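Here's final.cif, which has mmCIF, C-alpha atoms and all ligand atoms:
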```cif
data_work
loop_
_atom_site.label_atom_id
_atom_site.label_comp_id
_atom_site.auth_asym_id
_atom_site.auth_seq_id
_atom_site.Cartn_x
_atom_site.Cartn_y
_atom_site.Cartn_z
CA MET R 1 13.33 -5.26 -12.36
CA SER R 2 9.73 -4.31 -12.98
CA TRP R 3 6.23 -4.94 -11.78
CA SER R 4 5.17 -5.87 -15.32
CA ALA R 5 7.64 -8.76 -15.30
CA SER R 6 6.32 -9.77 -11.87
CA SER R 7 2.61 -9.43 -12.66
CA GLU R 8 2.01 -13.16 -13.16
CA TRP R 9 3.83 -13.88 -9.89
CA TRP R 10 1.63 -11.38 -8.04
CA LEU R 11 -1.56 -12.90 -9.46
CA SER R 12 -0.47 -16.39 -8.39
CA GLU R 13 0.43 -15.10 -4.91
CA LEU R 14 -3.05 -13.63 -4.57
CA SER R 15 -4.84 -16.77 -5.66
CA SER R 16 -3.54 -18.86 -2.75
CA ASP R 17 -3.28 -16.27 0.01
CA PRO R 18 -6.24 -15.59 2.36
CA ALA R 19 -4.50 -12.43 3.66
CA TYR R 20 -6.67 -10.03 1.66
CA GLU R 21 -10.00 -11.35 2.92
CA GLN R 22 -8.80 -11.91 6.47
CA ALA R 23 -6.59 -8.90 7.10
CA VAL R 24 -5.68 -6.49 4.31
CA THR R 25 -9.08 -5.49 2.91
CA PRO R 26 -10.80 -5.18 6.32
CA MET R 27 -7.96 -2.91 7.52
CA LEU R 28 -8.35 -0.71 4.44
CA ILE R 29 -12.11 -0.45 4.83
CA ARG R 30 -11.74 0.47 8.53
CA ALA R 31 -9.16 3.12 7.61
CA LEU R 32 -10.89 4.55 4.53
CA SER R 33 -14.52 4.25 5.63
CA PRO R 34 -15.65 4.77 2.01
CA GLN R 35 -18.63 7.08 1.57
CA PRO R 36 -21.37 6.53 -1.05
CA GLU R 37 -20.99 8.59 -4.24
CA GLN R 38 -17.56 9.88 -3.22
CA LEU R 39 -14.82 9.44 -5.84
CA TYR R 40 -11.66 7.60 -4.73
CA LEU R 41 -8.35 7.00 -6.48
CA ASP R 42 -6.65 3.64 -5.86
CA ILE R 43 -2.89 4.28 -6.19
CA GLY R 44 -1.22 1.04 -7.27
CA CYS R 45 -4.53 -0.72 -7.91
CA GLY R 46 -3.06 -3.94 -9.32
CA GLU R 47 -5.78 -6.13 -10.83
CA GLY R 48 -8.41 -4.20 -8.95
CA ARG R 49 -9.53 -6.47 -6.11
CA VAL R 50 -9.65 -3.63 -3.58
CA MET R 51 -11.44 -1.31 -6.01
CA ALA R 52 -14.20 -3.92 -6.27
CA VAL R 53 -14.69 -3.93 -2.48
CA VAL R 54 -14.64 -0.12 -2.18
CA SER R 55 -17.25 0.19 -4.93
CA GLU R 56 -19.50 -2.31 -3.08
CA ALA R 57 -19.83 0.41 -0.42
CA GLY R 58 -21.44 2.65 -3.06
CA ALA R 59 -18.33 4.74 -3.69
CA ARG R 60 -17.00 5.56 -7.15
CA VAL R 61 -13.47 4.39 -7.77
CA PHE R 62 -10.74 4.35 -10.37
CA GLY R 63 -7.14 3.28 -10.26
CA ILE R 64 -3.65 3.80 -11.56
CA ASP R 65 -0.89 1.22 -11.68
CA LEU R 66 2.63 0.93 -13.01
CA SER R 67 1.94 -2.46 -14.59
CA PRO R 68 -0.02 -2.43 -17.88
CA THR R 69 -0.71 -6.16 -17.40
CA LEU R 70 -2.39 -5.65 -14.02
CA ALA R 71 -4.21 -2.41 -14.96
CA ALA R 72 -5.70 -4.15 -18.01
CA LEU R 73 -7.23 -6.84 -15.75
CA ALA R 74 -9.02 -4.35 -13.49
CA THR R 75 -12.82 -4.45 -13.66
CA LYS R 76 -13.01 -0.76 -12.69
CA PRO R 77 -11.42 2.05 -14.77
CA ALA R 78 -7.64 1.96 -14.42
CA ALA R 79 -4.80 3.79 -16.15
CA VAL R 80 -1.10 3.04 -16.38
CA ALA R 81 0.81 5.66 -14.38
CA ARG R 82 3.32 6.19 -11.62
CA ALA R 83 2.27 7.14 -8.09
CA GLN R 84 4.88 9.91 -8.20
CA SER R 85 3.29 11.52 -11.28
CA LEU R 86 -0.47 11.10 -11.31
CA PRO R 87 -2.28 11.89 -14.60
CA LEU R 88 -4.95 13.93 -12.78
CA LYS R 89 -5.85 17.56 -12.24
CA GLU R 90 -5.71 19.29 -8.85
CA ASN R 91 -8.61 18.53 -6.47
CA SER R 92 -10.05 15.93 -8.84
CA CYS R 93 -11.10 13.31 -6.27
CA ASP R 94 -12.67 13.14 -2.81
CA GLY R 95 -10.12 10.70 -1.50
CA ALA R 96 -7.30 8.33 -2.35
CA TYR R 97 -5.97 5.09 -0.92
CA THR R 98 -3.08 2.74 -1.48
CA VAL R 99 -2.70 -0.90 -0.50
CA LEU R 100 0.67 -2.69 -0.24
CA THR R 101 2.16 -0.23 -2.74
CA LEU R 102 3.85 2.68 -0.90
CA GLU R 103 6.72 0.37 0.11
CA HIS R 104 7.47 -0.07 -3.62
CA VAL R 105 7.46 3.66 -4.44
CA PRO R 106 11.02 5.07 -4.41
CA ASP R 107 10.20 8.48 -2.88
CA HIS R 108 7.55 8.60 -0.16
CA SER R 109 7.61 12.45 -0.01
CA ASP R 110 6.67 12.62 -3.70
CA PHE R 111 3.86 10.15 -3.02
CA PHE R 112 2.28 12.23 -0.22
CA ALA R 113 2.72 15.50 -2.16
CA GLU R 114 1.17 14.06 -5.32
CA ALA R 115 -1.79 12.60 -3.39
CA ALA R 116 -2.31 16.03 -1.76
CA ARG R 117 -2.34 17.66 -5.19
CA VAL R 118 -5.12 15.47 -6.64
CA VAL R 119 -7.35 15.12 -3.54
CA ARG R 120 -9.61 18.07 -2.66
CA PRO R 121 -9.13 19.96 0.63
CA ASP R 122 -10.76 18.03 3.53
CA GLY R 123 -10.53 14.85 1.43
CA SER R 124 -8.95 11.67 2.80
CA LEU R 125 -5.96 9.43 2.17
CA ALA R 126 -5.90 5.84 3.48
CA LEU R 127 -2.96 3.48 3.51
CA VAL R 128 -2.31 -0.20 4.20
CA MET R 129 1.31 -1.31 3.91
CA ASN R 130 3.82 -3.76 5.25
CA HIS R 131 4.78 -2.39 8.67
CA PRO R 132 8.15 -0.56 8.58
CA VAL R 133 9.45 -2.89 11.31
CA TRP R 134 9.08 -5.64 8.73
CA THR R 135 10.64 -3.83 5.76
CA SER R 136 13.90 -2.68 7.35
CA PRO R 137 16.72 -4.37 5.42
CA GLU R 138 17.37 -7.90 6.76
CA SER R 139 14.67 -7.61 9.41
CA THR R 140 12.75 -10.87 9.64
CA PRO R 141 11.40 -13.54 11.96
CA ILE R 142 13.83 -16.47 12.27
CA THR R 143 13.05 -19.93 13.64
CA ASP R 144 15.45 -21.30 16.26
CA THR R 145 16.57 -24.96 16.14
CA ASP R 146 13.95 -25.84 18.79
CA GLY R 147 11.18 -24.19 16.77
CA GLU R 148 11.03 -20.97 18.78
CA VAL R 149 10.37 -17.92 16.59
CA LEU R 150 12.77 -15.07 17.26
CA TRP R 151 13.01 -11.63 15.72
CA ARG R 152 16.12 -10.53 13.84
CA PRO R 153 16.06 -6.72 13.75
CA GLY R 154 17.32 -5.05 10.58
CA ASP R 155 18.58 -1.49 10.34
CA TYR R 156 15.25 0.15 11.13
CA PHE R 157 16.68 3.68 11.07
CA SER R 158 18.21 3.31 7.61
CA HIS R 159 16.41 4.17 4.39
CA GLY R 160 17.67 1.15 2.48
CA SER R 161 15.94 -1.06 -0.04
CA THR R 162 15.71 -4.81 -0.48
CA THR R 163 15.22 -6.65 -3.77
CA TYR R 164 13.29 -9.93 -3.85
CA PRO R 165 12.97 -12.33 -6.79
CA ALA R 166 9.34 -12.41 -7.96
CA GLY R 167 8.44 -14.61 -10.91
CA GLU R 168 10.13 -13.49 -14.12
CA GLY R 169 11.36 -10.33 -12.46
CA SER R 170 12.07 -8.93 -9.03
CA ILE R 171 10.46 -6.35 -6.79
CA VAL R 172 12.04 -3.74 -4.54
CA PHE R 173 10.89 -2.84 -1.03
CA HIS R 174 11.91 0.69 -0.05
CA HIS R 175 12.23 1.01 3.69
CA ARG R 176 11.66 4.16 5.74
CA SER R 177 10.91 4.47 9.44
CA LEU R 178 7.42 5.23 10.72
CA ALA R 179 8.69 8.69 11.77
CA ALA R 180 9.92 9.40 8.23
CA LEU R 181 6.57 8.38 6.77
CA LEU R 182 4.47 10.39 9.22
CA ASN R 183 6.69 13.49 8.91
CA ALA R 184 6.51 13.39 5.09
CA ALA R 185 2.71 13.10 5.27
CA ALA R 186 2.54 16.05 7.69
CA GLU R 187 4.75 18.17 5.41
CA ALA R 188 2.27 17.53 2.58
CA LYS R 189 -0.55 18.82 4.87
CA TRP R 190 -2.01 15.40 5.67
CA SER R 191 -3.52 15.44 9.17
CA LEU R 192 -3.45 12.01 10.85
CA GLU R 193 -6.85 10.64 11.98
CA HIS R 194 -6.44 6.87 12.39
CA VAL R 195 -3.64 4.32 12.89
CA GLU R 196 -3.87 0.54 13.19
CA GLU R 197 -1.04 -1.98 13.55
CA ALA R 198 -1.67 -5.70 13.14
CA PRO R 199 0.34 -8.91 13.47
CA HIS R 200 0.46 -11.62 10.82
CA HIS R 201 -3.11 -12.77 10.33
CA GLU R 202 -2.51 -16.50 10.75
CA LEU R 203 0.81 -16.99 12.58
CA ASP R 204 0.10 -17.16 16.33
CA ASP R 205 3.80 -17.38 17.18
CA GLN R 206 4.32 -13.97 15.56
CA ALA R 207 1.43 -12.29 17.37
CA GLY R 208 3.85 -9.83 19.01
CA ILE R 209 5.44 -8.68 15.74
CA PRO R 210 3.72 -5.94 13.75
CA ARG R 211 3.14 -7.04 10.17
CA LEU R 212 0.69 -4.51 8.68
CA LEU R 213 0.19 -0.78 9.19
CA ALA R 214 -2.95 1.18 8.29
CA CYS R 215 -3.46 4.96 8.48
CA ARG R 216 -5.98 7.57 7.44
CA TRP R 217 -5.22 11.26 6.96
CA ARG R 218 -7.37 14.28 6.08
CA LEU R 219 -6.06 17.05 3.83
CA LEU R 220 -5.78 20.40 5.61
CA PRO R 221 -7.14 23.41 3.67
C1 LIG Y 1 1.73 -5.68 -3.92
S1 LIG Y 1 0.90 -5.08 -5.32
C2 LIG Y 1 -0.64 -4.48 -4.63
C3 LIG Y 1 -1.70 -4.29 -5.67
C4 LIG Y 1 -3.06 -3.78 -5.14
N1 LIG Y 1 -2.94 -2.54 -4.41
C5 LIG Y 1 -3.69 -4.82 -4.26
O1 LIG Y 1 -3.71 -4.62 -3.04
O2 LIG Y 1 -4.17 -5.85 -4.76
C6 LIG Y 1 1.79 -3.57 -5.62
C7 LIG Y 1 1.27 -2.81 -6.82
O3 LIG Y 1 1.91 -1.54 -6.89
C8 LIG Y 1 2.20 -1.25 -8.23
N2 LIG Y 1 3.28 -0.28 -8.21
C9 LIG Y 1 4.55 -0.47 -7.77
N3 LIG Y 1 5.24 0.67 -7.85
C10 LIG Y 1 4.39 1.60 -8.34
C11 LIG Y 1 4.52 2.99 -8.65
N4 LIG Y 1 5.67 3.64 -8.48
N5 LIG Y 1 3.45 3.65 -9.13
C12 LIG Y 1 2.26 2.99 -9.33
N6 LIG Y 1 2.09 1.68 -9.06
C13 LIG Y 1 3.15 1.00 -8.56
C14 LIG Y 1 2.54 -2.59 -8.84
O4 LIG Y 1 2.44 -2.62 -10.25
C15 LIG Y 1 1.54 -3.50 -8.15
O5 LIG Y 1 0.34 -3.61 -8.87
#
```
Can the structure from this file be put into structure tokens for me?
Amino acid sequence: MSWSASSEWWLSELSSDPAYEQAVTPMLIRALSPQPEQLYLDIGCGEGRVMAVVSEAGARVFGIDLSPTLAALATKPAAVARAQSLPLKENSCDGAYTVLTLEHVPDHSDFFAEAARVVRPDGSLALVMNHPVWTSPESTPITDTDGEVLWRPGDYFSHGSTTYPAGEGSIVFHHRSLAALLNAAAEAKWSLEHVEEAPHHELDDQAGIPRLLACRWRLLP
């Protein structure tokens, strides 16, 4: 079970999925609002597609990722590291962001605390992730025999995890409720500034089901 073993799978998923251009990257840019010359850390940068877009706005950017295979493909500087233990000094960047990664990090409190350690006071943290309604164990849209799409709720209030096969390996989604996420961020002194929820970008029959969540916080002094 590792992201290195699933790296090829992730790259093939990306190549055929318009979700980044249509939904994921625009949500991140709205949340982060990257500022020229500011230095941002991409936590879980993968092969660097989001870093490329953030740097187009004139910002400086570097990444960390668990997978050596993906980090080596990044066109911006990227190191192999865990989100829970960043290889950076205190206050070393103006902001941080994470895209479709927090749901794979085992401890969300460690994530928010570590981001608060490396971002300077009054710096920002932006997030795009699978909406917690979607990640609760066994929660999923199901199609009825007549084609109607229904929603099967999972155990939203649990903190369970779900393992999915992914290429040569498998990946784990760690579920926590929106309240658990926001409270952990607040405990790490992240002040909430922006929230956006969005349905699946191309499935009209799921327009009432939240699929993606974006947030921006600012670090209190
Ligand atoms: C779904 S991919 C998203 C990659 C990238 N953010 C993007 O949007 O293209 C999740 C990424 O998180 C990384 N990852 C998973 N768990 C991690 C952890 N604990 N610390 C750092 N990176 C992690 C994986 O290696 C993978 O590159």
Within 6 Å of ligand LIG 1 (chain Y), which residues of chain R come that close, and what is the closest atom pair and distance in Å for each? Count all atoms listed in the file and give it as a tab-separated table.
```
residue	atom	partner	partner_atom	distance
R:Trp3	CA	Y:LIG1	O4	4.7
R:Gly44	CA	Y:LIG1	N6	3.8
R:Cys45	CA	Y:LIG1	N1	4.3
R:Gly46	CA	Y:LIG1	O5	3.4
R:Arg49	CA	Y:LIG1	O2	5.6
R:Asp65	CA	Y:LIG1	N6	4.0
R:Leu66	CA	Y:LIG1	N6	4.1
R:Ser67	CA	Y:LIG1	O4	4.4
R:Ala81	CA	Y:LIG1	C12	5.9
R:Arg82	CA	Y:LIG1	N5	3.6
R:Ala83	CA	Y:LIG1	N5	3.8
R:Val99	CA	Y:LIG1	N1	4.2
R:Leu100	CA	Y:LIG1	C1	4.9
R:Thr101	CA	Y:LIG1	O3	4.4
R:His104	CA	Y:LIG1	N3	4.8
R:Val105	CA	Y:LIG1	N4	4.4
```
Report as a list in words all protein, DNA and RNA residues lying within 12 Å of Lys76 of chain R, evaluated on all atoms listed in the file, omitting residues in the same chain fewer than 2 positions from it.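 Result of the neighbour search: Tyr40, Leu41, Asp42, Cys45, Gly46, Glu47, Gly48, Arg49, Val50, Met51, Ala52, Val53, Val54, Ser55, Glu56, Ala59, Arg60, Val61, Phe62, Gly63, Ile64, Leu70, Ala71, Ala72, Leu73, Ala74, Ala78 and Ala79 of chain R.
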All residues 10 Å or closer to Ala179 of chain R, only C-alpha atoms, same chain fewer than 6 positions away omitted, as number ranges by chain | R: 132, 157, 185
Please compute the atom CA of Ala186 of chain R-atom CA of Ala23 of chain R distance, one decimal, in Å.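 Interatomic distance here is 26.6 Å.
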Of the listed residues R:His131, R:Arg152, R:His174, R:His200, that which approaches Asp107 of chain R most closely, counting only C-alpha atoms: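 Counting only C-alpha atoms, the residue closest to Asp107 of chain R is R:His174.
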Inset, instruction - Just the residues within 8 Å of Pro141 of chain R, please, counting only C-alpha atoms, with nothing from its chain fewer than 6 positions along; format it as a VMD selection string. - result: chain R and resid 149 to 152 206
Q: Name all residues at most 10 Å from Ser191 of chain R (count all atoms listed in the file; drop same-chain ones fewer than 6 positions away) and give them as number ranges by chain.
A: R: 122, 124-125, 182, 185, 216-220
Got time to write the residues from that selection, C-alpha atoms, as a compact mmCIF listing (two decimals), in the coordinates of the input?
```
# COMPACT_ATOMS: atom_id res chain seq x y z
CA ASP R 122 -10.76 18.03 3.53
CA SER R 124 -8.95 11.67 2.80
CA LEU R 125 -5.96 9.43 2.17
CA LEU R 182 4.47 10.39 9.22
CA ALA R 185 2.71 13.10 5.27
CA ARG R 216 -5.98 7.57 7.44
CA TRP R 217 -5.22 11.26 6.96
CA ARG R 218 -7.37 14.28 6.08
CA LEU R 219 -6.06 17.05 3.83
CA LEU R 220 -5.78 20.40 5.61
```
What is the distance, in Å and to one decimal place, between atom CA of Glu13 of chain R and atom CA of Ser33 of chain R?
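Calculated distance between atom CA of Glu13 of chain R and atom CA of Ser33 of chain R is 26.6 Å.
Closest approach to Arg117 of chain R from the set R:Pro221, R:Gly167, R:Gly147, R:Pro137 is made by R:Pro221, with distances taken over all atoms listed in the file.
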Nearest to Trp10 of chain R among R:Thr143, R:Thr69, R:Thr163, R:Thr25, with distances taken over all atoms listed in the file: which residue is it?
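Closest candidate: R:Thr69.
Across the structure, atom CA of Lys189 of chain R and atom CA of Val80 of chain R are spaced 26.5 Å apart.
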Non-local contacts of Gly58 of chain R (10 Å; only C-alpha atoms; under 4 positions in same chain excluded) as a ChimeraX atom specification = /R:34-39,53-54
Using only C-alpha atoms, the best pick from R:Arg30, R:Gly208, R:Gly160, R:Ile171 as closest to Ala126 of chain R would be R:Arg30
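Using all atoms listed in the file, the nearest neighbour of Ala5 of chain R within the list R:Pro106, R:Pro210, R:Pro68, R:Asn130 is R:Pro68.
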Would you please work out which residue, of R:Pro26, R:Gly123, R:Leu178, R:Leu212, is nearest to Ala198 of chain R when using all atoms listed in the file?
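That would be R:Leu212, the residue with the smallest distance to Ala198 of chain R.
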